[in-house]
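> This is input06.txt (compact mmCIF, N, CA and C atoms).
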# COMPACT_ATOMS: atom_id res chain seq x y z
N MET A 1 -3.79 2.72 2.57
CA MET A 1 -2.45 3.20 2.46
C MET A 1 -2.00 3.08 1.02
N THR A 2 -1.03 3.90 0.65
CA THR A 2 -0.37 3.79 -0.64
C THR A 2 1.12 3.76 -0.41
N TRP A 3 1.86 3.35 -1.42
CA TRP A 3 3.31 3.33 -1.30
C TRP A 3 3.95 3.44 -2.67
N THR A 4 5.19 3.88 -2.67
CA THR A 4 6.04 3.90 -3.86
C THR A 4 7.42 3.45 -3.42
N GLY A 5 8.14 2.83 -4.35
CA GLY A 5 9.47 2.39 -3.98
C GLY A 5 10.19 1.67 -5.09
N THR A 6 11.22 0.93 -4.69
CA THR A 6 12.09 0.26 -5.64
C THR A 6 12.25 -1.21 -5.30
N ILE A 7 12.53 -1.97 -6.35
CA ILE A 7 12.82 -3.40 -6.23
C ILE A 7 14.24 -3.60 -6.74
N GLU A 8 15.04 -4.28 -5.96
CA GLU A 8 16.45 -4.47 -6.28
C GLU A 8 16.63 -5.40 -7.48
N PRO A 9 17.74 -5.23 -8.23
CA PRO A 9 18.06 -6.21 -9.27
C PRO A 9 18.15 -7.60 -8.63
N ASP A 10 17.65 -8.60 -9.28
CA ASP A 10 17.58 -9.99 -8.78
C ASP A 10 16.59 -10.16 -7.63
N GLY A 11 15.90 -9.09 -7.22
CA GLY A 11 14.96 -9.17 -6.10
C GLY A 11 13.78 -10.07 -6.35
N MET A 12 13.36 -10.18 -7.59
CA MET A 12 12.22 -11.03 -7.94
C MET A 12 12.68 -12.36 -8.52
N GLY A 13 13.95 -12.68 -8.29
CA GLY A 13 14.53 -13.93 -8.77
C GLY A 13 15.80 -13.64 -9.57
N PRO A 14 16.65 -14.64 -9.72
CA PRO A 14 17.91 -14.45 -10.44
C PRO A 14 17.68 -13.87 -11.84
N GLY A 15 18.41 -12.82 -12.16
CA GLY A 15 18.31 -12.20 -13.47
C GLY A 15 17.20 -11.18 -13.63
N SER A 16 16.37 -11.01 -12.60
CA SER A 16 15.29 -10.03 -12.72
C SER A 16 15.87 -8.61 -12.62
N PRO A 17 15.31 -7.67 -13.38
CA PRO A 17 15.86 -6.32 -13.41
C PRO A 17 15.42 -5.49 -12.21
N ALA A 18 16.11 -4.38 -12.01
CA ALA A 18 15.65 -3.38 -11.04
C ALA A 18 14.31 -2.85 -11.51
N MET A 19 13.45 -2.51 -10.58
CA MET A 19 12.12 -2.03 -10.93
C MET A 19 11.70 -0.92 -9.97
N THR A 20 10.66 -0.21 -10.37
CA THR A 20 9.95 0.69 -9.47
C THR A 20 8.56 0.10 -9.29
N ALA A 21 7.89 0.54 -8.25
CA ALA A 21 6.55 0.02 -7.99
C ALA A 21 5.73 1.04 -7.24
N ARG A 22 4.44 0.94 -7.42
CA ARG A 22 3.50 1.73 -6.63
C ARG A 22 2.32 0.83 -6.32
N GLY A 23 1.80 0.99 -5.11
CA GLY A 23 0.73 0.12 -4.70
C GLY A 23 -0.19 0.77 -3.70
N SER A 24 -1.19 -0.02 -3.31
CA SER A 24 -2.16 0.44 -2.31
C SER A 24 -2.69 -0.76 -1.55
N GLY A 25 -3.19 -0.48 -0.37
CA GLY A 25 -3.75 -1.52 0.47
C GLY A 25 -4.95 -1.02 1.24
N VAL A 26 -5.85 -1.93 1.52
CA VAL A 26 -7.04 -1.63 2.31
C VAL A 26 -7.08 -2.63 3.46
N HIS A 27 -7.32 -2.12 4.67
CA HIS A 27 -7.34 -2.96 5.88
C HIS A 27 -8.72 -2.95 6.51
N SER A 28 -9.04 -4.05 7.16
CA SER A 28 -10.24 -4.11 7.99
C SER A 28 -9.89 -4.88 9.26
N ARG A 29 -10.71 -4.68 10.28
CA ARG A 29 -10.47 -5.34 11.57
C ARG A 29 -11.49 -6.44 11.78
N LEU A 30 -11.03 -7.52 12.39
CA LEU A 30 -11.89 -8.64 12.75
C LEU A 30 -11.89 -8.81 14.26
N HIS A 31 -12.94 -9.34 14.80
CA HIS A 31 -13.01 -9.71 16.21
C HIS A 31 -12.60 -8.55 17.13
N ASP A 32 -13.28 -7.43 16.96
CA ASP A 32 -13.02 -6.23 17.78
C ASP A 32 -11.58 -5.75 17.69
N GLY A 33 -10.96 -5.92 16.53
CA GLY A 33 -9.61 -5.43 16.31
C GLY A 33 -8.50 -6.38 16.68
N LEU A 34 -8.84 -7.58 17.14
CA LEU A 34 -7.81 -8.55 17.51
C LEU A 34 -7.00 -8.99 16.28
N TRP A 35 -7.66 -9.06 15.12
CA TRP A 35 -7.01 -9.46 13.88
C TRP A 35 -7.21 -8.37 12.84
N ILE A 36 -6.24 -8.19 11.97
CA ILE A 36 -6.31 -7.23 10.88
C ILE A 36 -6.16 -8.00 9.57
N VAL A 37 -7.03 -7.68 8.63
CA VAL A 37 -7.00 -8.29 7.30
C VAL A 37 -6.65 -7.20 6.30
N GLY A 38 -5.73 -7.49 5.42
CA GLY A 38 -5.33 -6.52 4.40
C GLY A 38 -5.33 -7.13 3.02
N ASP A 39 -5.77 -6.35 2.05
CA ASP A 39 -5.69 -6.73 0.64
C ASP A 39 -4.86 -5.66 -0.07
N TYR A 40 -3.85 -6.10 -0.82
CA TYR A 40 -2.87 -5.20 -1.41
C TYR A 40 -2.76 -5.46 -2.91
N ARG A 41 -2.45 -4.39 -3.63
CA ARG A 41 -2.26 -4.45 -5.07
C ARG A 41 -1.07 -3.56 -5.41
N GLN A 42 -0.16 -4.06 -6.24
CA GLN A 42 1.04 -3.30 -6.59
C GLN A 42 1.35 -3.47 -8.07
N ASP A 43 1.56 -2.35 -8.77
CA ASP A 43 1.99 -2.38 -10.16
C ASP A 43 3.50 -2.18 -10.18
N GLN A 44 4.20 -3.00 -11.00
CA GLN A 44 5.66 -2.95 -11.08
C GLN A 44 6.08 -2.58 -12.50
N PHE A 45 7.16 -1.77 -12.58
CA PHE A 45 7.60 -1.18 -13.84
C PHE A 45 9.11 -1.32 -13.99
N LEU A 46 9.57 -1.44 -15.25
CA LEU A 46 10.99 -1.31 -15.52
C LEU A 46 11.40 0.13 -15.23
N LEU A 47 12.69 0.39 -15.12
CA LEU A 47 13.16 1.73 -14.80
C LEU A 47 12.79 2.76 -15.88
N ASP A 48 12.53 2.30 -17.12
CA ASP A 48 12.12 3.23 -18.18
C ASP A 48 10.61 3.49 -18.17
N GLY A 49 9.90 2.91 -17.17
CA GLY A 49 8.46 3.13 -17.04
C GLY A 49 7.58 2.07 -17.69
N THR A 50 8.18 1.08 -18.36
CA THR A 50 7.42 0.01 -18.99
C THR A 50 6.73 -0.85 -17.93
N PHE A 51 5.41 -1.01 -18.04
CA PHE A 51 4.65 -1.83 -17.10
C PHE A 51 5.06 -3.30 -17.26
N LEU A 52 5.25 -3.99 -16.12
CA LEU A 52 5.61 -5.41 -16.14
C LEU A 52 4.48 -6.30 -15.62
N LEU A 53 3.97 -5.99 -14.44
CA LEU A 53 3.00 -6.90 -13.83
C LEU A 53 2.26 -6.23 -12.69
N THR A 54 1.17 -6.86 -12.31
CA THR A 54 0.43 -6.46 -11.11
C THR A 54 0.49 -7.61 -10.13
N TRP A 55 0.89 -7.29 -8.92
CA TRP A 55 0.98 -8.28 -7.83
C TRP A 55 -0.13 -7.98 -6.85
N GLN A 56 -0.74 -9.05 -6.30
CA GLN A 56 -1.80 -8.90 -5.30
C GLN A 56 -1.51 -9.84 -4.13
N LEU A 57 -1.89 -9.40 -2.92
CA LEU A 57 -1.62 -10.18 -1.71
C LEU A 57 -2.78 -10.04 -0.74
N HIS A 58 -3.09 -11.14 -0.07
CA HIS A 58 -4.06 -11.13 1.03
C HIS A 58 -3.28 -11.47 2.30
N TRP A 59 -3.50 -10.67 3.37
CA TRP A 59 -2.71 -10.76 4.60
C TRP A 59 -3.66 -10.79 5.79
N VAL A 60 -3.42 -11.68 6.73
CA VAL A 60 -4.18 -11.72 7.98
C VAL A 60 -3.15 -11.76 9.11
N THR A 61 -3.29 -10.85 10.07
CA THR A 61 -2.33 -10.80 11.17
C THR A 61 -3.02 -10.43 12.48
N GLY A 62 -2.40 -10.82 13.56
CA GLY A 62 -2.90 -10.46 14.88
C GLY A 62 -2.06 -11.09 15.97
N TRP A 63 -2.48 -10.86 17.20
CA TRP A 63 -1.77 -11.40 18.36
C TRP A 63 -2.24 -12.81 18.64
N ASP A 64 -1.32 -13.76 18.68
CA ASP A 64 -1.62 -15.15 19.02
C ASP A 64 -1.31 -15.33 20.50
N ALA A 65 -2.36 -15.35 21.33
CA ALA A 65 -2.18 -15.42 22.79
C ALA A 65 -1.47 -16.71 23.20
N ASP A 66 -1.77 -17.82 22.52
CA ASP A 66 -1.12 -19.09 22.87
C ASP A 66 0.38 -19.06 22.58
N ALA A 67 0.77 -18.46 21.46
CA ALA A 67 2.19 -18.41 21.10
C ALA A 67 2.90 -17.24 21.77
N GLY A 68 2.14 -16.23 22.24
CA GLY A 68 2.74 -15.06 22.86
C GLY A 68 3.49 -14.18 21.87
N GLU A 69 2.99 -14.13 20.63
CA GLU A 69 3.63 -13.33 19.59
C GLU A 69 2.63 -13.00 18.50
N TYR A 70 3.01 -12.06 17.64
CA TYR A 70 2.18 -11.78 16.47
C TYR A 70 2.34 -12.92 15.48
N ARG A 71 1.27 -13.22 14.77
CA ARG A 71 1.30 -14.22 13.71
C ARG A 71 0.64 -13.65 12.48
N ALA A 72 1.04 -14.12 11.32
CA ALA A 72 0.44 -13.67 10.07
C ALA A 72 0.45 -14.80 9.06
N THR A 73 -0.52 -14.74 8.18
CA THR A 73 -0.53 -15.60 7.01
C THR A 73 -0.66 -14.71 5.79
N LEU A 74 -0.09 -15.17 4.68
CA LEU A 74 -0.20 -14.42 3.44
C LEU A 74 -0.36 -15.37 2.27
N ALA A 75 -1.03 -14.87 1.24
CA ALA A 75 -1.18 -15.61 -0.02
C ALA A 75 -1.25 -14.58 -1.13
N ASP A 76 -0.53 -14.86 -2.25
CA ASP A 76 -0.54 -13.89 -3.35
C ASP A 76 -1.03 -14.52 -4.65
N ASN A 77 -1.17 -13.68 -5.66
CA ASN A 77 -1.72 -14.13 -6.94
C ASN A 77 -0.71 -14.90 -7.79
N TYR A 78 0.49 -15.12 -7.29
CA TYR A 78 1.47 -15.94 -7.99
C TYR A 78 1.68 -17.29 -7.32
N GLY A 79 0.79 -17.64 -6.38
CA GLY A 79 0.83 -18.94 -5.76
C GLY A 79 1.74 -19.05 -4.55
N HIS A 80 2.22 -17.94 -4.03
CA HIS A 80 3.06 -17.97 -2.83
C HIS A 80 2.18 -17.89 -1.58
N ALA A 81 2.57 -18.63 -0.57
CA ALA A 81 1.90 -18.59 0.73
C ALA A 81 2.97 -18.70 1.81
N ASP A 82 2.68 -18.11 2.96
CA ASP A 82 3.66 -18.17 4.05
C ASP A 82 2.94 -17.98 5.38
N VAL A 83 3.55 -18.50 6.42
CA VAL A 83 3.13 -18.25 7.80
C VAL A 83 4.30 -17.56 8.46
N MET A 84 4.01 -16.46 9.20
CA MET A 84 5.08 -15.65 9.76
C MET A 84 4.84 -15.39 11.24
N ARG A 85 5.92 -15.12 11.95
CA ARG A 85 5.83 -14.68 13.35
C ARG A 85 6.39 -13.27 13.42
N GLY A 86 5.77 -12.47 14.30
CA GLY A 86 6.17 -11.07 14.38
C GLY A 86 6.54 -10.65 15.78
N ARG A 87 7.30 -9.53 15.84
CA ARG A 87 7.71 -8.97 17.12
C ARG A 87 7.92 -7.47 16.95
N LEU A 88 7.76 -6.77 18.06
CA LEU A 88 8.06 -5.34 18.08
C LEU A 88 9.52 -5.16 18.46
N ASP A 89 10.20 -4.24 17.77
CA ASP A 89 11.59 -3.91 18.05
C ASP A 89 11.67 -2.39 18.03
N GLY A 90 11.34 -1.74 19.16
CA GLY A 90 11.28 -0.28 19.20
C GLY A 90 10.16 0.22 18.30
N ASP A 91 10.50 1.04 17.32
CA ASP A 91 9.53 1.58 16.37
C ASP A 91 9.37 0.71 15.13
N ARG A 92 9.85 -0.51 15.22
CA ARG A 92 9.77 -1.42 14.07
C ARG A 92 8.92 -2.64 14.42
N LEU A 93 8.12 -3.08 13.47
CA LEU A 93 7.38 -4.33 13.57
C LEU A 93 8.00 -5.26 12.54
N VAL A 94 8.54 -6.39 13.01
CA VAL A 94 9.30 -7.29 12.15
C VAL A 94 8.63 -8.65 12.13
N TYR A 95 8.34 -9.14 10.93
CA TYR A 95 7.80 -10.48 10.73
C TYR A 95 8.82 -11.30 9.95
N ALA A 96 8.95 -12.59 10.29
CA ALA A 96 9.83 -13.49 9.54
C ALA A 96 9.12 -14.82 9.36
N SER A 97 9.43 -15.49 8.26
CA SER A 97 8.85 -16.80 7.98
C SER A 97 9.10 -17.76 9.12
N VAL A 98 8.12 -18.60 9.41
CA VAL A 98 8.25 -19.64 10.43
C VAL A 98 8.93 -20.85 9.79
N GLY A 99 9.81 -21.50 10.53
CA GLY A 99 10.44 -22.72 10.04
C GLY A 99 11.74 -22.46 9.30
N ASP A 100 12.20 -23.51 8.62
CA ASP A 100 13.50 -23.42 7.94
C ASP A 100 13.37 -23.74 6.45
N ALA A 101 12.33 -23.21 5.81
CA ALA A 101 12.14 -23.41 4.38
C ALA A 101 13.35 -22.88 3.61
N PRO A 102 13.59 -23.39 2.40
CA PRO A 102 14.75 -22.93 1.62
C PRO A 102 14.72 -21.43 1.33
N ILE A 103 13.54 -20.85 1.20
CA ILE A 103 13.41 -19.41 0.98
C ILE A 103 12.56 -18.84 2.10
N ARG A 104 13.14 -17.90 2.87
CA ARG A 104 12.44 -17.26 3.99
C ARG A 104 12.34 -15.77 3.72
N LEU A 105 11.26 -15.18 4.20
CA LEU A 105 11.04 -13.75 4.06
C LEU A 105 11.11 -13.05 5.41
N ARG A 106 11.54 -11.79 5.39
CA ARG A 106 11.48 -10.94 6.57
C ARG A 106 10.90 -9.60 6.13
N LEU A 107 9.80 -9.21 6.75
CA LEU A 107 9.10 -7.97 6.43
C LEU A 107 9.22 -7.04 7.62
N THR A 108 9.58 -5.78 7.37
CA THR A 108 9.77 -4.81 8.45
C THR A 108 9.02 -3.53 8.14
N TRP A 109 8.19 -3.10 9.09
CA TRP A 109 7.53 -1.80 9.04
C TRP A 109 8.26 -0.91 10.04
N ASP A 110 8.84 0.18 9.59
CA ASP A 110 9.60 1.09 10.43
C ASP A 110 8.87 2.43 10.49
N VAL A 111 8.39 2.80 11.68
CA VAL A 111 7.67 4.06 11.85
C VAL A 111 8.44 5.01 12.77
N SER A 112 9.77 4.86 12.81
CA SER A 112 10.57 5.75 13.66
C SER A 112 10.41 7.21 13.23
N ASP A 113 10.12 7.45 11.95
CA ASP A 113 9.75 8.78 11.46
C ASP A 113 8.35 8.64 10.88
N PRO A 114 7.31 8.95 11.66
CA PRO A 114 5.93 8.75 11.19
C PRO A 114 5.62 9.46 9.87
N ALA A 115 6.33 10.54 9.58
CA ALA A 115 6.10 11.25 8.32
C ALA A 115 6.74 10.52 7.13
N ALA A 116 7.59 9.54 7.40
CA ALA A 116 8.28 8.79 6.34
C ALA A 116 8.33 7.31 6.70
N ALA A 117 7.18 6.72 7.03
CA ALA A 117 7.13 5.30 7.38
C ALA A 117 7.65 4.47 6.21
N GLU A 118 8.39 3.42 6.53
CA GLU A 118 9.03 2.61 5.50
C GLU A 118 8.74 1.13 5.72
N TRP A 119 8.61 0.42 4.60
CA TRP A 119 8.41 -1.03 4.63
C TRP A 119 9.49 -1.66 3.78
N THR A 120 10.13 -2.72 4.30
CA THR A 120 11.12 -3.45 3.53
C THR A 120 10.79 -4.93 3.51
N ASN A 121 11.21 -5.58 2.45
CA ASN A 121 11.07 -7.02 2.27
C ASN A 121 12.47 -7.55 2.00
N GLU A 122 12.88 -8.53 2.81
CA GLU A 122 14.19 -9.16 2.64
C GLU A 122 13.99 -10.66 2.47
N VAL A 123 14.97 -11.32 1.86
CA VAL A 123 14.90 -12.75 1.64
C VAL A 123 16.20 -13.40 2.13
N SER A 124 16.05 -14.63 2.63
CA SER A 124 17.19 -15.46 2.99
C SER A 124 17.03 -16.77 2.22
N VAL A 125 18.05 -17.13 1.45
CA VAL A 125 18.00 -18.35 0.65
C VAL A 125 18.92 -19.39 1.29
N ALA A 126 18.37 -20.57 1.56
CA ALA A 126 19.13 -21.69 2.12
C ALA A 126 19.87 -21.30 3.40
N GLY A 127 19.20 -20.51 4.25
CA GLY A 127 19.80 -20.13 5.53
C GLY A 127 20.86 -19.05 5.44
N GLY A 128 21.03 -18.44 4.26
CA GLY A 128 22.04 -17.41 4.08
C GLY A 128 21.64 -16.09 4.71
N THR A 129 22.44 -15.07 4.49
CA THR A 129 22.18 -13.76 5.06
C THR A 129 20.93 -13.14 4.43
N TRP A 130 20.33 -12.20 5.15
CA TRP A 130 19.17 -11.48 4.65
C TRP A 130 19.62 -10.49 3.58
N THR A 131 18.91 -10.48 2.45
CA THR A 131 19.22 -9.60 1.33
C THR A 131 17.98 -8.77 1.00
N LEU A 132 18.17 -7.48 0.79
CA LEU A 132 17.06 -6.59 0.48
C LEU A 132 16.45 -6.95 -0.87
N VAL A 133 15.12 -7.10 -0.90
CA VAL A 133 14.37 -7.33 -2.14
C VAL A 133 13.75 -6.02 -2.61
N GLU A 134 13.07 -5.33 -1.69
CA GLU A 134 12.36 -4.11 -2.05
C GLU A 134 12.20 -3.19 -0.85
N ARG A 135 12.03 -1.88 -1.14
CA ARG A 135 11.89 -0.87 -0.09
C ARG A 135 10.85 0.14 -0.56
N TYR A 136 9.94 0.51 0.36
CA TYR A 136 8.85 1.43 0.02
C TYR A 136 8.63 2.46 1.09
N ARG A 137 8.23 3.65 0.65
CA ARG A 137 7.75 4.69 1.56
C ARG A 137 6.23 4.63 1.54
N MET A 138 5.63 4.57 2.72
CA MET A 138 4.18 4.42 2.84
C MET A 138 3.52 5.74 3.18
N THR A 139 2.32 5.91 2.66
CA THR A 139 1.51 7.10 2.93
C THR A 139 0.12 6.65 3.33
N ARG A 140 -0.37 7.19 4.43
CA ARG A 140 -1.71 6.85 4.88
C ARG A 140 -2.73 7.54 3.98
N SER A 141 -3.71 6.79 3.53
CA SER A 141 -4.80 7.33 2.71
C SER A 141 -5.95 7.72 3.61
N ALA A 142 -6.80 8.58 3.10
CA ALA A 142 -8.02 8.94 3.84
C ALA A 142 -8.88 7.70 3.97
N PRO A 143 -9.52 7.50 5.13
CA PRO A 143 -10.37 6.31 5.29
C PRO A 143 -11.54 6.38 4.31
N SER A 144 -11.90 5.21 3.80
CA SER A 144 -13.05 5.15 2.91
C SER A 144 -14.32 5.08 3.75
N THR A 145 -15.39 5.54 3.20
CA THR A 145 -16.67 5.45 3.90
C THR A 145 -17.55 4.49 3.13
N ALA A 146 -18.12 3.57 3.83
CA ALA A 146 -19.00 2.57 3.22
C ALA A 146 -20.44 3.05 3.31
N ALA A 147 -21.14 2.96 2.21
CA ALA A 147 -22.55 3.35 2.20
C ALA A 147 -23.38 2.28 2.87
N GLY A 148 -24.43 2.72 3.54
CA GLY A 148 -25.36 1.75 4.09
C GLY A 148 -25.21 1.59 5.51
Spell out the structure here as structure tokens.


Amino acid sequence: MTWTGTIEPDGMGPGSPAMTARGSGVHSRLHDGLWIVGDYRQDQFLLDGTFLLTWQLHWVTGWDADAGEYRATLADNYGHADVMRGRLDGDRLVYASVGDAPIRLRLTWDVSDPAAAEWTNEVSVAGGTWTLVERYRMTRSAPSTAAG
């Protein structure tokens, strides 16, 4: 998959500027599709097009039969890690950080319009309201073929 979108002012921390971003991800299935593993890469730019940074993330998600819900773990190249629980809400798949850490994330994949699937990342600081960090429109890429 690929995506393009925007990052809100202060979305990457207090005083951070508004940005644009483009990224891509590759998924694979484990254990007959019970778990999905994704590796993602995103380049972020100032609004004038100046390159700022490349972000990378490793994601593992699937159905946890014992918990009766989706679970996910993530780790990125800036030292962030999280454990999340997920649920279906109509055409949306919503994951939120487990526990009551000072900074919690909520990730939402909305496919109510399959031609314009959207992903959002929100943050809650110290139990406060959810605030939008970034929003992206996703595009499915052609599957890659592995030689051999």

> Running DSSP on the backbone, which parts of chain A land in strand (DSSP E), as a ChimeraX atom specification?

/A:2-7,19-30,35-46,51-64,69-76,81-89,92-97,103-110,118-125,131-139

> As a VMD selection string, please: the residues near Arg106 (chain A) (cut-off 8 Å, all atoms listed in the file, same-chain neighbours under 4 positions excluded).

chain A and resid 94 to 97 120 to 124 130

> With N, CA and C atoms retained, write the just-selected residues as an mmCIF file, keeping the file's coordinate frame.


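Ended up saving to result_35.cif:
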data_model
loop_
_atom_site.group_PDB
_atom_site.id
_atom_site.type_symbol
_atom_site.label_atom_id
_atom_site.label_comp_id
_atom_site.auth_asym_id
_atom_site.auth_seq_id
_atom_site.Cartn_x
_atom_site.Cartn_y
_atom_site.Cartn_z
ATOM 1 N N VAL A 94 8.540 -6.390 13.010
ATOM 2 C CA VAL A 94 9.300 -7.290 12.150
ATOM 3 C C VAL A 94 8.630 -8.650 12.130
ATOM 4 N N TYR A 95 8.340 -9.140 10.930
ATOM 5 C CA TYR A 95 7.800 -10.480 10.730
ATOM 6 C C TYR A 95 8.820 -11.300 9.950
ATOM 7 N N ALA A 96 8.950 -12.590 10.290
ATOM 8 C CA ALA A 96 9.830 -13.490 9.540
ATOM 9 C C ALA A 96 9.120 -14.820 9.360
ATOM 10 N N SER A 97 9.430 -15.490 8.260
ATOM 11 C CA SER A 97 8.850 -16.800 7.980
ATOM 12 C C SER A 97 9.100 -17.760 9.120
ATOM 13 N N THR A 120 10.130 -2.720 4.300
ATOM 14 C CA THR A 120 11.120 -3.450 3.530
ATOM 15 C C THR A 120 10.790 -4.930 3.510
ATOM 16 N N ASN A 121 11.210 -5.580 2.450
ATOM 17 C CA ASN A 121 11.070 -7.020 2.270
ATOM 18 C C ASN A 121 12.470 -7.550 2.000
ATOM 19 N N GLU A 122 12.880 -8.530 2.810
ATOM 20 C CA GLU A 122 14.190 -9.160 2.640
ATOM 21 C C GLU A 122 13.990 -10.660 2.470
ATOM 22 N N VAL A 123 14.970 -11.320 1.860
ATOM 23 C CA VAL A 123 14.900 -12.750 1.640
ATOM 24 C C VAL A 123 16.200 -13.400 2.130
ATOM 25 N N SER A 124 16.050 -14.630 2.630
ATOM 26 C CA SER A 124 17.190 -15.460 2.990
ATOM 27 C C SER A 124 17.030 -16.770 2.220
ATOM 28 N N TRP A 130 20.330 -12.200 5.150
ATOM 29 C CA TRP A 130 19.170 -11.480 4.650
ATOM 30 C C TRP A 130 19.620 -10.490 3.580
#

> If I take atom C of Trp109 (chain A) and CA of Phe45 (chain A), how far is one from the other in Å, to one decimal?

23.9 Å

> Identify which of the residues A:Asp48, A:Asp113, A:Asp64, A:Asp89 lies closest to Leu34 (chain A), counting only C-alpha atoms when measuring atom-to-atom distances.

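Ranking A:Asp48, A:Asp113, A:Asp64, A:Asp89 by distance to Leu34 (chain A), first place goes to A:Asp64.
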
> Using all atoms listed in the file, which residue out of A:Leu132, A:Ser141, A:Gly38, A:Val125 lies closest to Pro9 (chain A)?

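Closest to Pro9 (chain A), using all atoms listed in the file: A:Leu132.
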
> Pick out the residues sitting within 8 Å of Pro102 (chain A), and hand them over as a PyMOL selection string; count all atoms listed in the file, and ignore anything fewer than 2 positions along from it in its own chain.

chain A and resi 99-100+104-105+124-128

> Measure the distance from atom C of Glu69 (chain A) to CA of His27 (chain A) in Å and round it to one decimal.

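Taking atom C of Glu69 (chain A) and CA of His27 (chain A), their separation equals 19.0 Å.
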
> Between atom N of Trp119 (chain A) and CA of Met12 (chain A), what is the spacing in Å?

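Result for CA of Met12 (chain A) versus atom N of Trp119 (chain A): 17.4 Å, one decimal.
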
> Within 6 Å of region 18-25 of chain A, counting only N, CA and C atoms, which residues qualify if same-chain residues fewer than 5 places away don't, as a PyMOL selection string?

chain A and resi 1-10+39-47

> Which residues come within 6.5 Å of Asp76 (chain A), counting only N, CA and C atoms, excluding same-chain residues fewer than 6 positions away, as a list in words?

Gln56, Leu57 and His58 of chain A

> With only C-alpha atoms as the basis for distance, which of A:Ala65, A:Ala115, A:Leu107, A:Leu53 is at the shortest distance from Arg135 (chain A)?

A:Leu107

> Excluding same-chain residues fewer than 3 positions from Ala117 (chain A), what lies within 6 Å of it counting all atoms listed in the file, as a list in words?

Asp110, Val111, Asp113, Pro114, Tyr136, Arg137 and Met138 of chain A

> Choose the residue, out of A:Thr54, A:Val37, A:Gly13, A:Glu134, that has the smallest atom-to-atom separation from Asn77 (chain A); count all atoms listed in the file.

A:Thr54
